[in-house]
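Have a look at data-v1.tsv below; it lists TSV, C-alpha atoms and all ligand atoms.
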```tsv
chain	number	residue	atom	x	y	z
P	205	MET	CA	-35.86	-33.09	7.24
P	206	THR	CA	-37.07	-33.52	3.65
P	207	THR	CA	-40.71	-34.10	2.75
P	208	LYS	CA	-39.77	-37.68	1.89
P	209	ASP	CA	-38.30	-38.18	5.37
P	210	THR	CA	-41.42	-36.68	6.96
P	211	ILE	CA	-43.68	-39.02	4.98
P	212	HIS	CA	-41.44	-41.99	5.85
P	213	GLN	CA	-41.53	-41.08	9.56
P	214	TYR	CA	-45.32	-40.69	9.42
P	215	PHE	CA	-45.80	-44.15	7.94
P	216	LYS	CA	-43.36	-45.65	10.47
P	217	GLN	CA	-45.46	-44.12	13.26
P	218	GLN	CA	-48.67	-45.39	11.65
P	219	GLN	CA	-47.12	-48.86	11.37
P	220	ALA	CA	-46.07	-48.77	15.03
P	221	LEU	CA	-49.63	-47.82	16.02
P	222	TYR	CA	-51.69	-49.90	13.59
P	223	GLY	CA	-49.41	-52.63	12.24
P	224	ASN	CA	-49.31	-53.25	8.50
P	225	GLU	CA	-52.93	-52.16	7.82
P	226	LEU	CA	-53.25	-48.76	6.17
P	227	TYR	CA	-56.39	-46.84	7.21
P	228	LEU	CA	-57.61	-44.20	4.80
P	229	SER	CA	-60.60	-42.01	5.52
P	230	ASN	CA	-62.98	-40.57	2.94
P	231	GLU	CA	-64.12	-37.96	5.46
P	232	PRO	CA	-62.91	-34.41	4.80
P	233	ASP	CA	-60.36	-33.13	7.29
P	234	PRO	CA	-62.41	-31.31	9.97
P	235	LEU	CA	-59.66	-28.78	10.55
P	236	PRO	CA	-59.12	-26.00	7.99
P	237	GLY	CA	-56.05	-26.92	5.99
P	238	PRO	CA	-53.42	-24.46	4.84
P	239	GLU	CA	-55.41	-24.11	1.59
P	240	SER	CA	-57.89	-21.95	3.46
P	241	VAL	CA	-55.27	-19.29	4.21
P	242	LYS	CA	-55.69	-17.54	0.89
P	243	GLU	CA	-58.76	-18.44	-1.11
P	244	GLY	CA	-58.04	-19.71	-4.60
P	245	ALA	CA	-54.30	-19.73	-4.00
P	246	GLU	CA	-52.17	-22.82	-3.98
P	247	THR	CA	-49.82	-23.35	-1.08
P	248	HIS	CA	-46.49	-25.05	-0.62
P	249	GLY	CA	-48.49	-28.22	0.09
P	250	ALA	CA	-49.78	-28.58	-3.45
P	251	LEU	CA	-46.52	-27.49	-5.01
P	252	ASP	CA	-44.55	-29.83	-2.75
P	253	GLU	CA	-46.87	-32.67	-3.67
P	254	PHE	CA	-46.30	-31.94	-7.34
P	255	HIS	CA	-42.53	-31.78	-6.71
P	256	GLN	CA	-42.59	-35.17	-5.01
P	257	SER	CA	-44.61	-36.65	-7.85
P	258	ILE	CA	-42.09	-35.67	-10.54
P	259	CYS	CA	-38.68	-35.58	-8.81
P	260	GLN	CA	-37.76	-39.11	-9.90
P	261	CYS	CA	-38.41	-38.20	-13.54
P	262	LEU	CA	-36.53	-40.18	-16.18
P	263	GLU	CA	-38.52	-38.93	-19.17
P	264	CYS	CA	-35.35	-37.71	-20.88
P	265	PRO	CA	-31.72	-38.85	-20.61
P	266	LEU	CA	-30.78	-35.91	-18.33
P	267	GLY	CA	-32.54	-37.65	-15.45
P	268	ALA	CA	-29.93	-40.40	-15.39
P	269	CYS	CA	-26.99	-38.03	-14.90
P	270	ARG	CA	-28.39	-35.46	-12.48
P	271	THR	CA	-27.27	-35.12	-8.86
P	272	ASN	CA	-30.50	-33.35	-7.95
P	273	PHE	CA	-33.78	-32.61	-9.64
P	274	VAL	CA	-34.06	-28.80	-9.47
P	275	PHE	CA	-37.76	-28.15	-9.11
P	276	GLY	CA	-37.76	-24.47	-8.17
P	277	VAL	CA	-37.80	-22.31	-5.10
P	278	GLY	CA	-39.79	-19.46	-3.66
P	279	ASP	CA	-43.19	-18.20	-2.72
P	280	PRO	CA	-45.98	-20.54	-3.90
P	281	ASN	CA	-48.22	-17.48	-4.24
P	282	ALA	CA	-45.61	-15.42	-6.07
P	283	GLU	CA	-46.71	-12.57	-8.31
P	284	LEU	CA	-43.39	-12.77	-10.15
P	285	LEU	CA	-42.04	-15.97	-11.68
P	286	LEU	CA	-38.45	-15.89	-12.94
P	287	VAL	CA	-37.51	-18.63	-15.38
P	288	GLY	CA	-33.98	-19.59	-16.36
P	289	GLU	CA	-32.96	-22.17	-18.92
P	290	ALA	CA	-31.64	-25.08	-16.85
P	291	PRO	CA	-29.65	-25.84	-13.70
P	292	GLY	CA	-25.88	-25.38	-13.85
P	293	GLU	CA	-23.27	-27.26	-11.84
P	294	GLN	CA	-23.94	-25.53	-8.50
P	295	GLU	CA	-27.68	-25.83	-8.93
P	296	ASP	CA	-27.39	-29.54	-9.75
P	297	LEU	CA	-25.32	-30.04	-6.60
P	298	ARG	CA	-27.59	-28.01	-4.34
P	299	GLY	CA	-30.98	-28.80	-5.88
P	300	GLU	CA	-31.91	-25.11	-6.04
P	301	PRO	CA	-32.01	-22.74	-9.04
P	302	PHE	CA	-29.64	-19.81	-9.34
P	303	VAL	CA	-27.33	-20.47	-6.40
P	304	GLY	CA	-23.98	-19.76	-8.09
P	305	ARG	CA	-22.51	-16.36	-8.96
P	306	ALA	CA	-25.36	-15.66	-11.36
P	307	GLY	CA	-27.76	-16.40	-8.52
P	308	LYS	CA	-26.06	-13.84	-6.29
P	309	MET	CA	-26.38	-11.31	-9.10
P	310	LEU	CA	-30.07	-12.20	-9.44
P	311	ASP	CA	-30.61	-11.74	-5.69
P	312	ASP	CA	-28.93	-8.32	-5.91
P	313	ILE	CA	-31.20	-7.29	-8.81
P	314	LEU	CA	-34.26	-8.44	-6.87
P	315	LYS	CA	-33.08	-6.49	-3.83
P	316	ALA	CA	-32.85	-3.36	-5.97
P	317	ILE	CA	-36.59	-3.62	-6.67
P	318	HIS	CA	-37.27	-4.48	-3.01
P	319	LYS	CA	-37.97	-8.11	-3.66
P	320	LYS	CA	-36.37	-11.39	-2.68
P	321	ARG	CA	-36.73	-15.04	-3.56
P	322	GLY	CA	-39.34	-16.58	-1.35
P	323	ASP	CA	-41.29	-13.37	-0.84
P	324	GLY	CA	-43.55	-12.67	-3.81
P	325	VAL	CA	-41.03	-14.31	-6.11
P	326	TYR	CA	-40.65	-17.86	-7.42
P	327	ILE	CA	-37.59	-19.03	-9.37
P	328	ALA	CA	-37.57	-22.02	-11.70
P	329	ASN	CA	-35.99	-23.24	-14.90
P	330	VAL	CA	-37.40	-24.61	-18.13
P	331	LEU	CA	-35.38	-27.80	-17.59
P	332	LYS	CA	-35.26	-29.34	-14.13
P	333	CYS	CA	-32.07	-31.33	-14.73
P	334	ARG	CA	-28.61	-30.13	-15.74
P	335	PRO	CA	-27.56	-30.63	-19.36
P	336	PRO	CA	-23.98	-31.94	-19.68
P	337	ASN	CA	-21.38	-29.15	-19.80
P	338	ASN	CA	-24.20	-26.61	-19.50
P	339	ARG	CA	-25.14	-26.97	-23.16
P	340	ASP	CA	-28.41	-25.46	-24.35
P	341	PRO	CA	-31.57	-27.52	-23.75
P	342	LEU	CA	-32.51	-29.81	-26.64
P	343	PRO	CA	-36.02	-29.54	-28.10
P	344	SER	CA	-36.68	-33.14	-27.05
P	345	GLU	CA	-35.77	-32.27	-23.43
P	346	VAL	CA	-37.93	-29.14	-23.50
P	347	GLU	CA	-40.84	-31.16	-24.84
P	348	LYS	CA	-40.66	-33.50	-21.83
P	349	CYS	CA	-39.95	-30.88	-19.19
P	350	GLU	CA	-42.03	-27.85	-20.17
P	351	PRO	CA	-45.30	-29.42	-18.96
P	352	TYR	CA	-43.80	-29.35	-15.43
P	353	LEU	CA	-43.26	-25.60	-15.73
P	354	LEU	CA	-46.80	-25.21	-17.03
P	355	GLU	CA	-48.16	-27.00	-13.99
P	356	GLN	CA	-46.04	-24.82	-11.69
P	357	ILE	CA	-47.51	-21.76	-13.40
P	358	ARG	CA	-51.02	-23.15	-13.08
P	359	GLN	CA	-50.50	-23.58	-9.36
P	360	ILE	CA	-48.60	-20.36	-8.63
P	361	GLN	CA	-50.67	-18.11	-10.92
P	362	PRO	CA	-48.01	-15.38	-11.20
P	363	LYS	CA	-48.97	-11.96	-12.54
P	364	LEU	CA	-45.82	-11.87	-14.63
P	365	ILE	CA	-43.25	-14.33	-15.94
P	366	VAL	CA	-39.76	-13.10	-16.69
P	367	ALA	CA	-37.57	-15.28	-18.88
P	368	LEU	CA	-33.92	-14.84	-17.96
P	369	GLY	CA	-31.77	-14.85	-21.08
P	370	ARG	CA	-32.16	-15.59	-24.76
P	371	VAL	CA	-32.28	-19.36	-24.35
P	372	ALA	CA	-35.10	-19.26	-21.79
P	373	GLY	CA	-36.92	-16.65	-23.90
P	374	LYS	CA	-36.64	-18.47	-27.20
P	375	THR	CA	-37.50	-21.80	-25.62
P	376	LEU	CA	-40.68	-20.50	-24.01
P	377	LEU	CA	-41.75	-18.26	-26.90
P	378	LYS	CA	-40.74	-20.72	-29.62
P	379	MET	CA	-39.03	-17.95	-31.58
P	380	ASP	CA	-35.40	-18.13	-32.56
P	381	VAL	CA	-34.53	-14.43	-32.59
P	382	PRO	CA	-31.88	-12.34	-30.82
P	383	LEU	CA	-32.63	-11.31	-27.24
P	384	LYS	CA	-32.91	-7.68	-28.32
P	385	GLU	CA	-35.97	-8.58	-30.38
P	386	MET	CA	-37.68	-10.31	-27.46
P	387	ARG	CA	-36.87	-7.58	-24.91
P	388	ASP	CA	-39.04	-4.58	-24.20
P	389	LYS	CA	-42.24	-6.34	-25.29
P	390	THR	CA	-44.94	-8.06	-23.31
P	391	HIS	CA	-45.49	-11.55	-24.74
P	392	ASP	CA	-48.19	-14.03	-23.90
P	393	TYR	CA	-47.14	-17.38	-22.44
P	394	ASN	CA	-50.24	-19.57	-22.30
P	395	GLY	CA	-52.28	-16.69	-20.91
P	396	THR	CA	-49.66	-15.18	-18.57
P	397	PRO	CA	-47.77	-12.00	-19.55
P	398	LEU	CA	-44.10	-12.72	-20.17
P	399	ARG	CA	-41.10	-10.42	-20.54
P	400	VAL	CA	-37.59	-11.39	-21.55
P	401	THR	CA	-34.46	-9.84	-20.07
P	402	TYR	CA	-30.76	-10.59	-19.85
P	403	HIS	CA	-29.51	-13.63	-17.99
P	404	PRO	CA	-27.70	-12.61	-14.77
P	405	ALA	CA	-24.64	-14.57	-15.95
P	406	ALA	CA	-24.49	-12.31	-19.03
P	407	LEU	CA	-24.17	-9.31	-16.71
P	408	LEU	CA	-21.18	-10.95	-15.06
P	409	ARG	CA	-19.55	-11.37	-18.46
P	410	ASN	CA	-20.43	-7.95	-19.86
P	411	SER	CA	-21.31	-5.06	-17.58
P	412	ASN	CA	-22.83	-3.16	-20.54
P	413	PHE	CA	-25.89	-5.36	-20.04
P	414	LYS	CA	-26.45	-4.01	-16.53
P	415	LYS	CA	-28.12	-0.80	-17.63
P	416	PRO	CA	-30.75	-2.37	-19.92
P	417	THR	CA	-31.37	-5.04	-17.30
P	418	TRP	CA	-32.01	-2.35	-14.71
P	419	VAL	CA	-34.43	-0.67	-17.14
P	420	ASP	CA	-36.23	-4.01	-17.51
P	421	PHE	CA	-36.46	-4.60	-13.77
P	422	GLN	CA	-37.76	-1.09	-13.15
P	423	TRP	CA	-40.47	-1.86	-15.69
P	424	ILE	CA	-41.17	-5.16	-13.86
P	425	ARG	CA	-41.36	-3.35	-10.50
P	426	ASP	CA	-43.80	-0.75	-11.88
P	427	TYR	CA	-45.90	-3.34	-13.70
P	428	LEU	CA	-46.33	-5.39	-10.52
P	429	GLN	CA	-47.21	-2.31	-8.52
P	430	ASN	CA	-50.05	-1.53	-10.92
P	431	ALA	CA	-51.17	-5.06	-11.81
N	501	LIG	N1	-28.64	-20.51	-15.12
N	501	LIG	C1	-29.92	-20.84	-15.30
N	501	LIG	O1	-30.51	-20.59	-16.34
N	501	LIG	N2	-30.55	-21.44	-14.29
N	501	LIG	C2	-29.98	-21.69	-13.12
N	501	LIG	O2	-30.64	-22.23	-12.23
N	501	LIG	C3	-28.63	-21.32	-12.96
N	501	LIG	C4	-27.99	-20.74	-13.98
```

For the file at hand, write its structure as structure tokens.
Ligand code: URA
Amino acid sequence: MTTKDTIHQYFKQQQALYGNELYLSNEPDPLPGPESVKEGAETHGALDEFHQSICQCLECPLGACRTNFVFGVGDPNAELLLVGEAPGEQEDLRGEPFVGRAGKMLDDILKAIHKKRGDGVYIANVLKCRPPNNRDPLPSEVEKCEPYLLEQIRQIQPKLIVALGRVAGKTLLKMDVPLKEMRDKTHDYNGTPLRVTYHPAALLRNSNFKKPTWVDFQWIRDYLQNA
């Protein structure tokens, strides 16, 4: 059941109990909410709420042609945030980032550093909707969508952001340089350290990229262990 269905069911029950009057209380909830589980950390609740508040977005033309809004997936308290450029066809159909062949490659890389999506890792894209024919994001689309990523980062508070591929790297860092020039450096993305590595799809196209990617992920593993 989706969050929307749950909310719908809740209001149906409220209507059955109380008719068409909506009762709202100003009193704080007497029971500790999930927020109390880890002090200062956001939970799925807040991130889900944010998701629900933006998933009907039509701020740019991509909203009109999407199948699904691809918000992101993973651990709301993740120490590692992986950011791709935009959903592809499979992601648009499933509503989840990195679910195609590149996603399987990404899961394998994460496994190699003893991590997995959902456990200490969050995966998102700069754009939440698929550009036609998987073309690169346009600056006007990034301008509308990047604030959503910024809010996700504010809520998740990752220790490290890793941009997957040149397009994600150049879009976030606002520098149009080859990937090689962005790699192997720790950048600052609005106060959070950011590294850039190869896109998993590039590894599927050219296995020469596997070795430097493995070097990058070993660095990421060690950084997180010491952070
Ligand atoms: N490529 C991306 O950059 N993001 C996805 O979600 C899938 C493929």

Let me see if you get this right: every residue at most 7 Å from ligand LIG 501 (chain N), counting all atoms listed in the file, written as a list in words.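 Those residues are Gly288, Glu289, Ala290, Pro291, Gly292, Glu295, Glu300, Pro301, Phe302, Val303, Gly304, Ala306, Gly307, Ala328, Asn329 and Leu368 of chain P.
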
Would you compute the distance between atom CA of Tyr427 of chain P and atom CA of Gly249 of chain P? Give it in Å to one decimal.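 Going from atom CA of Tyr427 of chain P over to atom CA of Gly249 of chain P covers 28.6 Å.
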
May I have the residues within 12 Å of Met386 of chain P as a PDB file with C-alpha atoms, keeping the file's coordinate frame, using all atoms listed in the file and disregarding those fewer than 2 positions away in the same chain?
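Listed below is the output, out10.pdb:
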```pdb
ATOM      1  CA  VAL P 366     -39.760 -13.100 -16.690  1.00  0.00           C
ATOM      2  CA  ALA P 367     -37.570 -15.280 -18.880  1.00  0.00           C
ATOM      3  CA  LEU P 368     -33.920 -14.840 -17.960  1.00  0.00           C
ATOM      4  CA  GLY P 369     -31.770 -14.850 -21.080  1.00  0.00           C
ATOM      5  CA  ARG P 370     -32.160 -15.590 -24.760  1.00  0.00           C
ATOM      6  CA  VAL P 371     -32.280 -19.360 -24.350  1.00  0.00           C
ATOM      7  CA  ALA P 372     -35.100 -19.260 -21.790  1.00  0.00           C
ATOM      8  CA  GLY P 373     -36.920 -16.650 -23.900  1.00  0.00           C
ATOM      9  CA  LYS P 374     -36.640 -18.470 -27.200  1.00  0.00           C
ATOM     10  CA  THR P 375     -37.500 -21.800 -25.620  1.00  0.00           C
ATOM     11  CA  LEU P 376     -40.680 -20.500 -24.010  1.00  0.00           C
ATOM     12  CA  LEU P 377     -41.750 -18.260 -26.900  1.00  0.00           C
ATOM     13  CA  LYS P 378     -40.740 -20.720 -29.620  1.00  0.00           C
ATOM     14  CA  MET P 379     -39.030 -17.950 -31.580  1.00  0.00           C
ATOM     15  CA  ASP P 380     -35.400 -18.130 -32.560  1.00  0.00           C
ATOM     16  CA  VAL P 381     -34.530 -14.430 -32.590  1.00  0.00           C
ATOM     17  CA  PRO P 382     -31.880 -12.340 -30.820  1.00  0.00           C
ATOM     18  CA  LEU P 383     -32.630 -11.310 -27.240  1.00  0.00           C
ATOM     19  CA  LYS P 384     -32.910  -7.680 -28.320  1.00  0.00           C
ATOM     20  CA  ASP P 388     -39.040  -4.580 -24.200  1.00  0.00           C
ATOM     21  CA  LYS P 389     -42.240  -6.340 -25.290  1.00  0.00           C
ATOM     22  CA  THR P 390     -44.940  -8.060 -23.310  1.00  0.00           C
ATOM     23  CA  HIS P 391     -45.490 -11.550 -24.740  1.00  0.00           C
ATOM     24  CA  ASP P 392     -48.190 -14.030 -23.900  1.00  0.00           C
ATOM     25  CA  LEU P 398     -44.100 -12.720 -20.170  1.00  0.00           C
ATOM     26  CA  ARG P 399     -41.100 -10.420 -20.540  1.00  0.00           C
ATOM     27  CA  VAL P 400     -37.590 -11.390 -21.550  1.00  0.00           C
ATOM     28  CA  THR P 401     -34.460  -9.840 -20.070  1.00  0.00           C
ATOM     29  CA  TYR P 402     -30.760 -10.590 -19.850  1.00  0.00           C
ATOM     30  CA  ASP P 420     -36.230  -4.010 -17.510  1.00  0.00           C
TER      31      ASP P 420
END
```

List as a list in words: which residues have an atom within 12 Å of (-37.3, -39.1, -18.5), counting all atoms listed in the file?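 Nearby residues: Ile258, Cys259, Gln260, Cys261, Leu262, Glu263, Cys264, Pro265, Leu266, Gly267, Ala268, Cys269, Arg270, Phe273, Leu331, Lys332, Cys333, Ser344, Glu345, Val346, Glu347, Lys348 and Cys349 of chain P.
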
Let me make sure I understand: among P:Lys363, P:Arg298, P:Arg305, P:His248, which one has the smallest atom-to-atom distance to Arg409 of chain P if we use all atoms listed in the file? P:Arg305

From the options P:Ile365, P:Leu251, P:Leu314, P:Ile424, which residue's atoms come nearest to Asp279 of chain P, counting all atoms listed in the file?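 The answer is P:Leu251, which sits nearest to Asp279 of chain P.
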
Counting all atoms listed in the file, which of P:Lys414, P:Arg334, P:Arg321, P:Arg358 gets nearest to Leu284 of chain P?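 Closest residue, counting all atoms listed in the file: P:Arg321.
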
Closest of P:Ala431, P:Ile360, P:Val419, P:Ala405 to Phe254 of chain P - atom-to-atom distances counting all atoms listed in the file: P:Ile360

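With all atoms listed in the file as the atoms that count, the minimum distance from Ala316 of chain P to the choices P:Ser411, P:Gln294, P:Gln422, P:Asn337 is reached by P:Gln422.
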
Nearest to Val274 of chain P among P:Leu354, P:Ala250, P:Ile327, P:Met309, with distances taken over only C-alpha atoms: which residue is it?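 Smallest separation from Val274 of chain P among the options: P:Ile327.
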